[in-house]
file entry_6.txt (compact mmCIF, C-alpha atoms)
# COMPACT_ATOMS: atom_id res chain seq x y z
CA MET A 1 0.00 0.00 0.00
CA GLY A 2 2.95 2.32 0.53
CA ARG A 3 1.70 5.75 1.59
CA MET A 4 -1.63 5.40 -0.15
CA SER A 5 -5.01 5.47 1.55
CA ARG A 6 -6.83 2.37 2.67
CA ARG A 7 -9.48 3.49 0.17
CA GLY A 8 -7.07 4.10 -2.70
CA PHE A 9 -9.17 2.27 -5.22
CA THR A 10 -12.49 3.99 -4.57
CA VAL A 11 -12.30 6.18 -7.67
CA ALA A 12 -12.03 3.09 -9.84
CA ALA A 13 -14.86 1.52 -7.90
CA ALA A 14 -17.12 4.44 -8.70
CA GLY A 15 -16.14 4.58 -12.38
CA VAL A 16 -13.74 6.87 -14.21
CA MET A 17 -14.93 10.42 -14.91
CA SER A 18 -14.24 11.42 -18.51
CA VAL A 19 -12.10 14.44 -19.26
CA MET A 20 -15.00 15.85 -21.29
CA LEU A 21 -17.06 16.24 -18.10
CA ALA A 22 -14.44 17.97 -15.98
CA LYS A 23 -15.37 21.60 -16.69
CA GLU A 24 -19.08 20.88 -16.67
CA GLU A 25 -18.92 19.22 -13.27
CA ALA A 26 -16.75 21.95 -11.78
CA SER A 27 -19.45 24.52 -12.49
CA ALA A 28 -22.21 22.14 -11.44
CA ARG A 29 -20.78 21.82 -7.93
CA GLU A 30 -21.56 25.43 -7.10
CA GLY A 31 -25.04 25.19 -8.59
CA VAL A 32 -25.89 22.08 -6.61
CA ALA A 33 -24.80 23.65 -3.34
CA ALA A 34 -26.75 26.82 -4.05
CA ALA A 35 -29.87 24.92 -5.06
CA ALA A 36 -29.76 22.97 -1.81
CA GLY A 37 -29.79 26.17 0.19
CA VAL A 38 -26.69 25.29 2.18
CA ARG A 39 -25.55 27.60 4.92
CA LYS A 40 -22.64 29.91 4.29
CA PRO A 41 -19.32 29.18 6.03
CA GLY A 42 -19.20 30.44 9.58
CA GLU A 43 -22.98 30.83 9.76
CA LEU A 44 -23.41 28.15 12.40
CA HIS A 45 -21.25 26.97 15.27
CA ARG A 46 -22.29 23.65 16.71
CA ASN A 47 -21.62 22.98 20.37
CA ARG A 48 -21.97 19.25 19.67
CA GLU A 49 -20.50 17.85 16.49
CA PHE A 50 -18.41 14.80 15.64
CA ARG A 51 -15.06 16.05 14.34
CA GLY A 52 -12.82 13.06 13.88
CA MET A 53 -9.66 11.95 12.15
CA TRP A 54 -8.50 8.47 11.29
CA ILE A 55 -4.99 7.44 12.32
CA ALA A 56 -4.04 4.52 10.07
CA THR A 57 -1.35 2.13 11.20
CA VAL A 58 -1.51 -0.45 8.38
CA VAL A 59 1.79 -0.30 6.44
CA ASN A 60 2.59 2.75 8.62
CA VAL A 61 0.31 5.08 6.65
CA ASP A 62 0.09 7.59 9.54
CA TRP A 63 1.69 6.14 12.64
CA PRO A 64 4.30 5.07 13.52
CA SER A 65 6.02 6.73 10.58
CA LYS A 66 8.02 3.53 10.09
CA PRO A 67 8.48 0.28 11.99
CA GLY A 68 11.30 -0.18 14.47
CA LEU A 69 11.36 3.28 16.02
CA SER A 70 12.20 3.54 19.70
CA PRO A 71 9.28 3.70 22.15
CA ASP A 72 10.13 7.34 22.89
CA ARG A 73 9.98 8.23 19.20
CA GLN A 74 6.72 6.36 18.71
CA ARG A 75 5.19 8.13 21.70
CA ALA A 76 6.38 11.52 20.45
CA GLU A 77 4.89 10.93 17.01
CA LEU A 78 1.55 9.92 18.47
CA ILE A 79 1.48 12.96 20.76
CA ALA A 80 2.15 15.19 17.74
CA LEU A 81 -0.89 13.73 15.96
CA LEU A 82 -3.10 14.19 19.01
CA ASP A 83 -1.90 17.77 19.41
CA ALA A 84 -2.66 18.38 15.73
CA ALA A 85 -6.21 17.14 16.30
CA VAL A 86 -6.62 19.65 19.12
CA ALA A 87 -5.12 22.45 17.03
CA ARG A 88 -7.63 21.69 14.24
CA ARG A 89 -10.44 21.76 16.84
CA LEU A 90 -11.26 18.11 16.35
CA ASN A 91 -12.65 16.02 19.19
CA VAL A 92 -12.28 12.35 18.17
CA VAL A 93 -9.36 10.23 17.00
CA VAL A 94 -10.06 6.85 15.42
CA LEU A 95 -6.89 4.84 15.94
CA GLN A 96 -6.28 1.64 14.00
CA LEU A 97 -5.49 -1.03 16.58
CA ARG A 98 -5.89 -4.26 14.62
CA PRO A 99 -4.85 -3.60 11.01
CA THR A 100 -3.95 -7.17 9.92
CA ALA A 101 -5.11 -9.73 12.50
CA ASP A 102 -2.52 -8.33 14.91
CA ALA A 103 -2.56 -5.96 17.86
CA PHE A 104 -1.35 -2.59 19.12
CA TRP A 105 -1.87 -3.79 22.68
CA PRO A 106 -0.76 -6.92 24.56
CA SER A 107 -3.47 -9.21 23.21
CA PRO A 108 -3.87 -12.80 24.45
CA HIS A 109 -5.38 -13.69 21.07
CA GLU A 110 -3.07 -12.25 18.41
CA PRO A 111 0.55 -11.17 17.96
CA TRP A 112 2.02 -7.72 18.32
CA SER A 113 1.78 -5.82 15.04
CA GLU A 114 4.80 -5.79 12.75
CA TYR A 115 4.08 -2.10 12.09
CA LEU A 116 5.44 -1.32 15.54
CA THR A 117 8.76 -3.17 15.55
CA GLY A 118 9.15 -4.53 12.01
CA VAL A 119 8.79 -8.09 13.33
CA GLN A 120 5.37 -9.56 13.97
CA GLY A 121 5.04 -10.80 17.53
CA ARG A 122 7.95 -8.77 18.93
CA HIS A 123 7.06 -6.80 22.07
CA PRO A 124 7.54 -3.07 21.39
CA GLY A 125 8.58 -2.34 24.99
CA TRP A 126 5.46 -0.41 25.92
CA ASP A 127 1.66 -0.51 25.67
CA PRO A 128 0.65 1.82 22.82
CA LEU A 129 -3.08 1.56 23.50
CA ALA A 130 -2.83 2.42 27.18
CA PHE A 131 -0.70 5.43 26.29
CA ALA A 132 -3.05 6.51 23.49
CA VAL A 133 -6.12 6.37 25.74
CA ARG A 134 -4.42 8.35 28.47
CA GLU A 135 -3.02 11.05 26.19
CA ALA A 136 -6.21 11.43 24.13
CA HIS A 137 -8.37 11.85 27.22
CA LYS A 138 -5.87 14.30 28.68
CA ARG A 139 -6.59 16.47 25.62
CA ARG A 140 -10.37 15.99 25.84
CA LEU A 141 -10.33 13.82 22.74
CA GLU A 142 -12.44 10.69 22.44
CA LEU A 143 -10.50 7.61 21.36
CA HIS A 144 -12.26 5.07 19.16
CA GLY A 145 -10.48 1.81 18.46
CA TRP A 146 -10.47 0.92 14.76
CA PHE A 147 -10.47 -2.77 13.86
CA ASN A 148 -10.31 -4.64 10.57
CA PRO A 149 -12.25 -7.88 11.15
CA TYR A 150 -10.96 -10.33 8.53
CA ARG A 151 -7.72 -9.18 6.86
CA ILE A 152 -4.75 -11.31 7.94
CA ALA A 153 -1.88 -10.12 5.75
CA ASN A 154 -1.01 -8.09 2.68
CA HIS A 155 0.68 -11.16 1.17
CA THR A 156 -0.28 -14.79 0.58
CA ASP A 157 2.44 -16.70 2.44
CA PRO A 158 1.27 -17.99 5.84
CA HIS A 159 4.87 -18.89 6.72
CA LYS A 160 5.68 -15.17 6.93
CA LEU A 161 3.34 -15.00 9.94
CA THR A 162 4.67 -15.66 13.41
CA PRO A 163 4.56 -19.44 14.14
CA THR A 164 1.92 -19.01 16.85
CA HIS A 165 -0.36 -16.89 14.70
CA PRO A 166 -3.95 -18.21 14.77
CA ALA A 167 -3.95 -18.31 10.98
CA ARG A 168 -1.07 -20.80 11.08
CA LEU A 169 -2.62 -22.82 13.87
CA HIS A 170 -5.92 -22.93 11.93
CA PRO A 171 -5.06 -23.00 8.21
CA GLU A 172 -8.63 -24.09 7.48
CA TRP A 173 -9.74 -20.58 8.51
CA VAL A 174 -7.68 -18.88 5.78
CA VAL A 175 -8.52 -17.87 2.20
CA ARG A 176 -5.98 -16.52 -0.30
CA TYR A 177 -7.44 -13.83 -2.51
CA GLY A 178 -6.17 -10.85 -4.45
CA GLY A 179 -2.62 -11.17 -3.19
CA LYS A 180 -3.70 -11.20 0.47
CA LEU A 181 -4.73 -13.57 3.23
CA TYR A 182 -8.18 -13.34 4.82
CA TYR A 183 -10.08 -15.12 7.52
CA ASN A 184 -13.14 -16.83 6.04
CA PRO A 185 -16.26 -14.93 7.20
CA GLY A 186 -18.40 -17.97 6.46
CA LEU A 187 -17.04 -19.99 9.38
CA PRO A 188 -18.85 -19.43 12.71
CA GLU A 189 -15.66 -20.23 14.65
CA VAL A 190 -13.86 -17.46 12.76
CA ARG A 191 -16.62 -14.98 13.49
CA HIS A 192 -16.47 -15.74 17.21
CA PHE A 193 -12.69 -15.60 17.27
CA VAL A 194 -12.37 -12.21 15.59
CA GLN A 195 -15.05 -10.83 17.92
CA ASP A 196 -13.12 -12.13 20.93
CA ALA A 197 -9.90 -10.61 19.62
CA MET A 198 -11.44 -7.18 19.11
CA LEU A 199 -13.48 -7.22 22.31
CA ASP A 200 -10.32 -7.76 24.33
CA ALA A 201 -9.33 -4.17 23.65
CA VAL A 202 -12.83 -2.89 24.37
CA THR A 203 -13.11 -4.66 27.71
CA ARG A 204 -9.61 -3.94 29.01
CA TYR A 205 -9.16 -0.29 27.96
CA ASP A 206 -11.16 2.89 28.41
CA LEU A 207 -12.14 3.24 24.76
CA ASP A 208 -14.98 5.57 23.82
CA GLY A 209 -15.87 3.66 20.69
CA ALA A 210 -15.21 0.56 18.60
CA HIS A 211 -14.98 1.11 14.86
CA PHE A 212 -14.94 -1.13 11.77
CA ASP A 213 -13.66 0.05 8.40
CA ASP A 214 -14.97 -0.87 4.93
CA TYR A 215 -13.49 -4.36 4.53
CA PHE A 216 -15.85 -7.29 5.05
CA TYR A 217 -15.75 -9.71 2.16
CA PRO A 218 -12.86 -8.31 0.13
CA TYR A 219 -13.28 -5.87 -2.73
CA PRO A 220 -13.63 -7.72 -6.05
CA VAL A 221 -10.45 -8.52 -7.94
CA ALA A 222 -10.91 -9.14 -11.66
CA GLY A 223 -10.37 -12.73 -12.68
CA GLN A 224 -10.20 -14.09 -9.12
CA ARG A 225 -12.70 -15.92 -6.94
CA PHE A 226 -12.96 -15.95 -3.16
CA ASP A 227 -12.91 -19.68 -2.44
CA ASP A 228 -15.46 -20.34 0.28
CA ASP A 229 -17.00 -23.38 -1.42
CA ALA A 230 -16.54 -25.73 1.53
CA ALA A 231 -18.02 -23.27 4.02
CA TYR A 232 -20.96 -22.56 1.73
CA ALA A 233 -21.63 -26.28 1.26
CA ARG A 234 -21.63 -26.75 5.03
CA TYR A 235 -23.48 -23.66 6.20
CA GLY A 236 -25.29 -22.23 3.16
CA LYS A 237 -28.36 -24.43 3.17
CA GLY A 238 -31.59 -22.47 3.36
CA PHE A 239 -30.24 -19.39 1.58
CA PRO A 240 -31.36 -18.56 -1.96
CA ASP A 241 -27.80 -18.05 -3.16
CA ARG A 242 -24.23 -17.54 -2.00
CA ALA A 243 -24.58 -13.76 -1.94
CA ALA A 244 -27.46 -13.94 0.54
CA TRP A 245 -25.48 -16.35 2.73
CA ARG A 246 -22.47 -14.04 2.69
CA ARG A 247 -24.61 -11.07 3.69
CA ASP A 248 -26.00 -13.09 6.57
CA ASN A 249 -22.47 -13.92 7.73
CA ILE A 250 -21.59 -10.23 7.91
CA ASP A 251 -24.96 -9.35 9.43
CA CYS A 252 -24.23 -11.85 12.21
CA LEU A 253 -20.79 -10.30 12.80
CA VAL A 254 -22.23 -6.80 13.09
CA ARG A 255 -25.28 -7.72 15.17
CA GLU A 256 -23.33 -9.93 17.55
CA MET A 257 -20.44 -7.51 17.94
CA GLY A 258 -22.80 -4.67 18.77
CA GLY A 259 -24.63 -6.81 21.31
CA ARG A 260 -21.46 -8.00 22.96
CA ILE A 261 -20.06 -4.49 23.25
CA LYS A 262 -23.25 -3.30 24.93
CA ALA A 263 -23.24 -6.30 27.26
CA HIS A 264 -19.73 -5.48 28.46
CA LYS A 265 -19.67 -1.68 28.26
CA PRO A 266 -22.97 -0.03 27.35
CA HIS A 267 -21.36 3.41 27.03
CA VAL A 268 -18.91 2.32 24.31
CA ARG A 269 -20.28 3.32 20.91
CA PHE A 270 -20.07 0.96 17.95
CA GLY A 271 -19.59 2.49 14.52
CA ILE A 272 -18.79 1.41 10.97
CA SER A 273 -17.23 3.31 8.07
CA PRO A 274 -18.39 1.62 4.85
CA PHE A 275 -17.84 2.37 1.20
CA ALA A 276 -20.56 4.93 0.57
CA VAL A 277 -22.67 3.15 -2.06
CA TRP A 278 -25.07 0.56 -0.65
CA ARG A 279 -26.70 -0.11 -4.04
CA ASN A 280 -27.19 1.91 -7.19
CA ARG A 281 -30.77 2.86 -7.92
CA SER A 282 -30.55 0.87 -11.16
CA ALA A 283 -30.12 -2.27 -9.01
CA ASP A 284 -32.65 -1.37 -6.31
CA PRO A 285 -35.19 1.49 -6.23
CA ARG A 286 -34.18 2.12 -2.60
CA GLY A 287 -30.58 2.74 -3.69
CA SER A 288 -28.72 5.96 -4.37
CA ASP A 289 -28.71 7.86 -7.67
CA THR A 290 -25.20 6.66 -8.48
CA LYS A 291 -23.38 4.56 -11.05
CA ALA A 292 -20.75 3.03 -8.80
CA GLY A 293 -18.76 0.02 -9.94
CA VAL A 294 -18.88 -1.45 -6.41
CA GLN A 295 -22.00 -1.83 -4.28
CA THR A 296 -21.49 -2.99 -0.72
CA TYR A 297 -24.68 -5.09 -0.70
CA ASP A 298 -23.72 -7.03 -3.81
CA ASP A 299 -19.93 -7.06 -3.77
CA LEU A 300 -18.78 -6.95 -0.12
CA GLY A 301 -21.57 -8.91 1.58
CA ALA A 302 -22.28 -5.74 3.56
CA ASP A 303 -25.94 -4.73 3.88
CA THR A 304 -25.05 -1.36 5.34
CA ARG A 305 -28.57 0.01 5.02
CA ARG A 306 -29.96 -2.85 7.10
CA TRP A 307 -27.43 -2.28 9.88
CA VAL A 308 -28.76 1.25 10.21
CA ARG A 309 -32.44 0.38 9.93
CA GLU A 310 -32.09 -2.46 12.45
CA GLU A 311 -30.04 -0.19 14.77
CA TRP A 312 -27.29 -2.76 15.24
CA ILE A 313 -24.76 0.08 15.32
CA ASP A 314 -24.59 3.44 17.06
CA TYR A 315 -23.13 5.46 14.20
CA ILE A 316 -22.20 5.14 10.56
CA VAL A 317 -19.50 7.03 8.64
CA PRO A 318 -19.99 6.42 4.91
CA GLN A 319 -16.85 7.18 2.95
CA VAL A 320 -18.26 9.82 0.60
CA TYR A 321 -14.90 10.29 -1.04
CA TRP A 322 -16.05 12.12 -4.17
CA HIS A 323 -16.51 15.75 -5.02
CA LEU A 324 -19.66 17.75 -5.51
CA GLY A 325 -20.90 17.03 -9.04
CA PHE A 326 -18.90 13.83 -9.63
CA ALA A 327 -20.85 11.99 -12.34
CA ALA A 328 -20.67 8.43 -11.01
CA ALA A 329 -21.09 9.16 -7.29
CA ASP A 330 -22.03 12.75 -6.52
CA TYR A 331 -21.40 13.95 -2.97
CA ALA A 332 -24.57 16.03 -3.29
CA LYS A 333 -26.64 12.90 -3.97
CA LEU A 334 -25.02 10.46 -1.54
CA VAL A 335 -25.15 12.63 1.58
CA PRO A 336 -28.94 13.19 1.33
CA TRP A 337 -29.39 9.47 0.64
CA TRP A 338 -27.59 8.59 3.85
CA ALA A 339 -29.52 11.29 5.72
CA GLU A 340 -32.75 9.66 4.60
CA THR A 341 -31.41 6.23 5.55
CA VAL A 342 -30.72 7.17 9.18
CA ARG A 343 -33.88 9.26 9.53
CA GLY A 344 -36.19 7.81 12.18
CA THR A 345 -33.46 5.65 13.73
CA ASP A 346 -31.15 6.13 16.71
CA VAL A 347 -28.08 5.70 14.47
CA GLN A 348 -26.01 8.83 14.11
CA LEU A 349 -24.57 9.88 10.74
CA TYR A 350 -21.13 11.36 10.20
CA ILE A 351 -19.55 11.76 6.76
CA GLY A 352 -16.13 10.36 5.91
CA GLU A 353 -14.09 12.92 3.96
CA ALA A 354 -11.21 12.32 1.54
CA LEU A 355 -8.79 14.94 2.82
CA TYR A 356 -5.95 12.92 1.26
CA ARG A 357 -7.23 13.84 -2.21
CA ALA A 358 -6.99 17.60 -1.67
CA GLY A 359 -4.08 18.83 -3.76
CA ASP A 360 -3.18 15.41 -5.14
CA PRO A 361 -2.08 16.13 -8.73
CA ALA A 362 -3.58 12.82 -9.85
CA GLN A 363 -7.07 14.01 -8.85
CA PRO A 364 -9.40 16.09 -11.04
CA ALA A 365 -9.73 19.86 -10.83
CA PRO A 366 -12.21 20.08 -7.91
CA TRP A 367 -9.63 18.51 -5.62
CA GLN A 368 -7.11 21.23 -6.47
CA ASP A 369 -9.46 23.82 -4.96
CA PRO A 370 -8.76 24.40 -1.24
CA GLY A 371 -12.43 25.25 -0.77
CA GLU A 372 -13.90 21.95 -1.99
CA LEU A 373 -13.99 20.27 1.41
CA SER A 374 -15.33 23.38 3.12
CA ARG A 375 -18.21 23.26 0.64
CA HIS A 376 -18.74 19.63 1.63
CA VAL A 377 -19.28 20.67 5.23
CA SER A 378 -21.58 23.52 4.17
CA PHE A 379 -23.63 21.14 2.05
CA ALA A 380 -23.79 18.41 4.70
CA ARG A 381 -24.93 20.86 7.35
CA GLY A 382 -27.99 21.42 5.19
CA CYS A 383 -29.03 17.88 6.20
CA PRO A 384 -30.03 17.92 9.89
CA GLU A 385 -29.21 14.21 10.20
CA VAL A 386 -25.50 14.83 9.50
CA LEU A 387 -23.87 15.31 12.89
CA GLY A 388 -20.23 15.61 11.86
CA HIS A 389 -17.33 14.51 9.71
CA VAL A 390 -14.27 12.29 9.92
CA TRP A 391 -11.12 13.18 7.98
CA PHE A 392 -8.83 10.69 6.28
CA SER A 393 -6.20 10.78 7.40
CA ALA A 394 -4.01 12.15 10.20
CA THR A 395 -0.99 12.74 7.96
CA PHE A 396 -3.04 15.13 5.87
CA VAL A 397 -4.68 16.78 8.86
CA VAL A 398 -1.13 17.70 9.86
CA GLY A 399 0.47 18.32 6.44
CA ASP A 400 -2.55 19.91 4.70
CA PRO A 401 -0.71 20.47 1.39
CA ILE A 402 -3.08 23.05 -0.13
CA GLY A 403 -4.70 24.36 3.03
CA ALA A 404 -8.01 22.52 2.58
CA MET A 405 -8.16 21.46 6.24
CA ALA A 406 -7.25 24.96 7.38
CA ARG A 407 -10.14 26.28 5.29
CA VAL A 408 -12.56 23.86 6.96
CA VAL A 409 -11.37 24.96 10.40
CA GLN A 410 -11.59 28.64 9.47
CA ASP A 411 -15.05 28.34 7.94
CA HIS A 412 -16.72 25.80 10.23
CA TYR A 413 -14.77 25.12 13.43
CA PRO A 414 -14.47 28.51 15.13
CA GLY A 415 -14.22 26.84 18.54
CA ARG A 416 -14.02 23.38 20.03
CA ALA A 417 -17.15 21.26 20.29
CA ARG A 418 -18.11 18.14 22.16
CA PRO A 419 -19.03 14.96 20.27
CA PRO A 420 -22.75 14.19 20.06
CA ARG A 421 -24.12 11.54 22.39
call {"tool": "encode", "arguments": {"input": "entry_6.txt", "output": "structure tokens"}}
result
Amino acid sequence: MGRMSRRGFTVAAAGVMSVMLAKEEASAREGVAAAAGVRKPGELHRNREFRGMWIATVVNVDWPSKPGLSPDRQRAELIALLDAAVARRLNVVVLQLRPTADAFWPSPHEPWSEYLTGVQGRHPGWDPLAFAVREAHKRRLELHGWFNPYRIANHTDPHKLTPTHPARLHPEWVVRYGGKLYYNPGLPEVRHFVQDAMLDAVTRYDLDGAHFDDYFYPYPVAGQRFDDDAAYARYGKGFPDRAAWRRDNIDCLVREMGGRIKAHKPHVRFGISPFAVWRNRSADPRGSDTKAGVQTYDDLGADTRRWVREEWIDYIVPQVYWHLGFAAADYAKLVPWWAETVRGTDVQLYIGEALYRAGDPAQPAPWQDPGELSRHVSFARGCPEVLGHVWFSATFVVGDPIGAMARVVQDHYPGRARPPR
């Protein structure tokens, strides 16, 4: 992955915007915002608003900057990120604690993460999670633990894992797909194990939230098949097809995880940050007016709309990582769709924002405008159901190459706010 985002392929998933549409869409963005009657920057200060940033640890995207640093250097880097969150008037950090079936705390279930020391299973000499909780709370920041349920490794060789890794002790749990190793979501014993592994952090540390990202069944890889034939033959009876069985597997994970969190710590909030397109309207009249190449319901086994409607989660952060007016997946169409989806439920809606795209020369013209993300916040505040935003990722909250984050703070975050409850 290098220094790329965990969502680096989302543009391809939504379809490629033609060069012919670039100028047309740039002008359309302003018209859409005006037509929606969005508030002007600075018009409203919210005393309660979710203002989060993701701190990604997988392949050292954000922290630590590289594996093998001394504990003092790792602590100093984390403090700098927390201080940056305070300086930007944010109030939540979402810290990745289990990026690849490993741990950033002394877990009895899984090995220490290689992204700390460079060697999976090697003790880093300190407890990063205990330190992170203490330092975040000292700064009046909530700390939400971010977990990836099923990804084991960004390679396909189990022998590269530490010898005591559960994936080596239980090779029947493992599926090779797309150049990576995954736990098989179709096995009930896997589902219970990954819940136990994640709940260990929830029960032993003073986390404010538990957070899943967008990976359930893996994103489709052309020409490859996720081999869960044996599990489907054993457990798929009674389902109309494999897709329905897969969705049920992920539904069980989400429903059970939410229930177990509440049973242990009712105050800990459970949230999920999915790819933003549940289904295109062309596939389902309840879907969004989009033309995305990936739909979570069909491709990832993730019925994100149901999780909201059934209230199995406390909050949802759809990754609306496209600009206002984008032809295949328009920010101005997806945000109202999600607002309608949460309406009438107790599930809170925050919008995931692609700060990493601002100023990236590979992105189209709207992303070269420092005001694009500020317009996102203005537009989203026109939907009463939207209670905040989460920024990907911490490196760009700090570096802010074209001043897009600074513009958001200037226009919308005049003072600190408390997260909604």
call {"tool": "closest_residue", "arguments": {"input": "entry_6.txt", "among": "A:Ala263, A:Ala210, A:Ala365, A:Ala332", "to": "A:Tyr315", "atoms": "all atoms listed in the file"}}
result
A:Ala210
call {"tool": "atom_distance", "arguments": {"input": "entry_6.txt", "atom1": "atom CA of A:Glu142", "atom2": "atom CA of A:Asp208"}}
result
5.9 Å
call {"tool": "residues_around", "arguments": {"input": "entry_6.txt", "residues": "A:Ile79", "least_positions_apart": "3", "cutoff": "9 Å", "atoms": "all atoms listed in the file", "output": "list in words"}}
result
Gln74, Arg75, Ala76, Leu82, Asp83, Ala84, Ala132, Glu135 and Ala136 of chain A
call {"tool": "closest_residue", "arguments": {"input": "entry_6.txt", "among": "A:Val254, A:Val94, A:Leu78, A:Ala85", "to": "A:Val397", "atoms": "all atoms listed in the file"}}
result
A:Ala85
call {"tool": "closest_residue", "arguments": {"input": "entry_6.txt", "among": "A:Gly258, A:Pro158, A:Gly415, A:Gly399", "to": "A:Asp62", "atoms": "all atoms listed in the file"}}
result
A:Gly399
call {"tool": "residues_around", "arguments": {"input": "entry_6.txt", "residues": "A:Thr395", "least_positions_apart": "4", "cutoff": "10 Å", "atoms": "only C-alpha atoms", "output": "list in words"}}
result
Arg3, Met53, Trp54, Ile55, Ala56, Val61, Asp62, Trp63, Ser65, Leu81, Ala84, Leu355, Tyr356, Gly399 and Asp400 of chain A
call {"tool": "closest_residue", "arguments": {"input": "entry_6.txt", "among": "A:Arg279, A:Arg421, A:Arg357, A:Lys291", "to": "A:Trp322", "atoms": "all atoms listed in the file"}}
result
A:Arg357
call {"tool": "atom_distance", "arguments": {"input": "entry_6.txt", "atom1": "atom CA of A:Val86", "atom2": "atom CA of A:Asp102"}}
result
28.6 Å
call {"tool": "atom_distance", "arguments": {"input": "entry_6.txt", "atom1": "atom CA of A:Pro274", "atom2": "atom CA of A:Phe147"}}
result
12.8 Å
call {"tool": "closest_residue", "arguments": {"input": "entry_6.txt", "among": "A:Phe326, A:Phe226, A:Trp278, A:Trp112", "to": "A:Pro366", "atoms": "all atoms listed in the file"}}
result
A:Phe326
call {"tool": "closest_residue", "arguments": {"input": "entry_6.txt", "among": "A:Leu387, A:Phe392, A:Ala327, A:Arg375", "to": "A:Arg48", "atoms": "only C-alpha atoms"}}
result
A:Leu387
call {"tool": "residues_around", "arguments": {"input": "entry_6.txt", "residues": "stretch 185-196 of chain A", "least_positions_apart": "5", "cutoff": "7 Å", "atoms": "all atoms listed in the file", "output": "list in words"}}
result
Pro149, Trp173, Ala231, Arg246, Asn249, Leu253 and Met257 of chain A
call {"tool": "residues_around", "arguments": {"input": "entry_6.txt", "residues": "A:Ala404", "least_positions_apart": "6", "cutoff": "8 Å", "atoms": "all atoms listed in the file", "output": "list of chain:residue names"}}
result
A:Leu355, A:Ala358, A:Asp369, A:Pro370, A:Gly371, A:Glu372, A:Leu373, A:Ser374
call {"tool": "residues_near_point", "arguments": {"input": "entry_6.txt", "point": "(-0.4, 2.3, 22.7)", "cutoff": "10 Å", "atoms": "only C-alpha atoms", "output": "list in words"}}
result
Pro71, Gln74, Arg75, Leu78, Leu95, Leu97, Ala103, Phe104, Trp105, Pro106, Leu116, Pro124, Trp126, Asp127, Pro128, Leu129, Ala130, Phe131, Ala132, Val133, Arg134 and Glu135 of chain A
call {"tool": "residues_around", "arguments": {"input": "entry_6.txt", "residues": "stretch 213-220 of chain A", "least_positions_apart": "4", "cutoff": "6 Å", "atoms": "only C-alpha atoms", "output": "list in words"}}
result
Ile272, Ser273, Pro274, Phe275, Leu300 and Gly301 of chain A
call {"tool": "decode", "arguments": {"input": "entry_6.txt", "residues": "stretch 100-109 of chain A", "atoms": "N, CA, C and O atoms", "output": "mmCIF file, in the first residue's frame"}}
result
data_model
loop_
_atom_site.group_PDB
_atom_site.id
_atom_site.type_symbol
_atom_site.label_atom_id
_atom_site.label_comp_id
_atom_site.auth_asym_id
_atom_site.auth_seq_id
_atom_site.Cartn_x
_atom_site.Cartn_y
_atom_site.Cartn_z
ATOM 1 N N THR A 100 -4.084 -5.922 10.675
ATOM 2 C CA THR A 100 -3.951 -7.171 9.924
ATOM 3 C C THR A 100 -3.888 -8.347 10.896
ATOM 4 O O THR A 100 -2.857 -9.017 11.020
ATOM 5 N N ALA A 101 -5.019 -8.613 11.557
ATOM 6 C CA ALA A 101 -5.114 -9.730 12.496
ATOM 7 C C ALA A 101 -3.949 -9.726 13.478
ATOM 8 O O ALA A 101 -3.340 -10.754 13.774
ATOM 9 N N ASP A 102 -3.619 -8.534 13.981
ATOM 10 C CA ASP A 102 -2.518 -8.326 14.914
ATOM 11 C C ASP A 102 -2.981 -7.315 15.950
ATOM 12 O O ASP A 102 -4.168 -7.010 16.016
ATOM 13 N N ALA A 103 -2.101 -6.792 16.753
ATOM 14 C CA ALA A 103 -2.563 -5.957 17.859
ATOM 15 C C ALA A 103 -1.565 -4.861 18.201
ATOM 16 O O ALA A 103 -0.352 -5.062 18.154
ATOM 17 N N PHE A 104 -2.126 -3.713 18.583
ATOM 18 C CA PHE A 104 -1.352 -2.593 19.118
ATOM 19 C C PHE A 104 -1.510 -2.519 20.635
ATOM 20 O O PHE A 104 -1.389 -1.459 21.229
ATOM 21 N N TRP A 105 -1.811 -3.650 21.227
ATOM 22 C CA TRP A 105 -1.870 -3.790 22.679
ATOM 23 C C TRP A 105 -1.480 -5.234 22.994
ATOM 24 O O TRP A 105 -1.459 -6.078 22.094
ATOM 25 N N PRO A 106 -1.156 -5.550 24.236
ATOM 26 C CA PRO A 106 -0.759 -6.921 24.559
ATOM 27 C C PRO A 106 -1.966 -7.853 24.552
ATOM 28 O O PRO A 106 -2.592 -8.106 25.579
ATOM 29 N N SER A 107 -2.283 -8.383 23.391
ATOM 30 C CA SER A 107 -3.465 -9.209 23.214
ATOM 31 C C SER A 107 -3.159 -10.666 23.529
ATOM 32 O O SER A 107 -2.125 -11.188 23.108
ATOM 33 N N PRO A 108 -4.053 -11.359 24.232
ATOM 34 C CA PRO A 108 -3.866 -12.796 24.446
ATOM 35 C C PRO A 108 -4.264 -13.625 23.228
ATOM 36 O O PRO A 108 -4.034 -14.833 23.202
ATOM 37 N N HIS A 109 -4.842 -12.968 22.222
ATOM 38 C CA HIS A 109 -5.383 -13.687 21.067
ATOM 39 C C HIS A 109 -4.495 -13.601 19.829
ATOM 40 O O HIS A 109 -4.453 -14.548 19.039
#
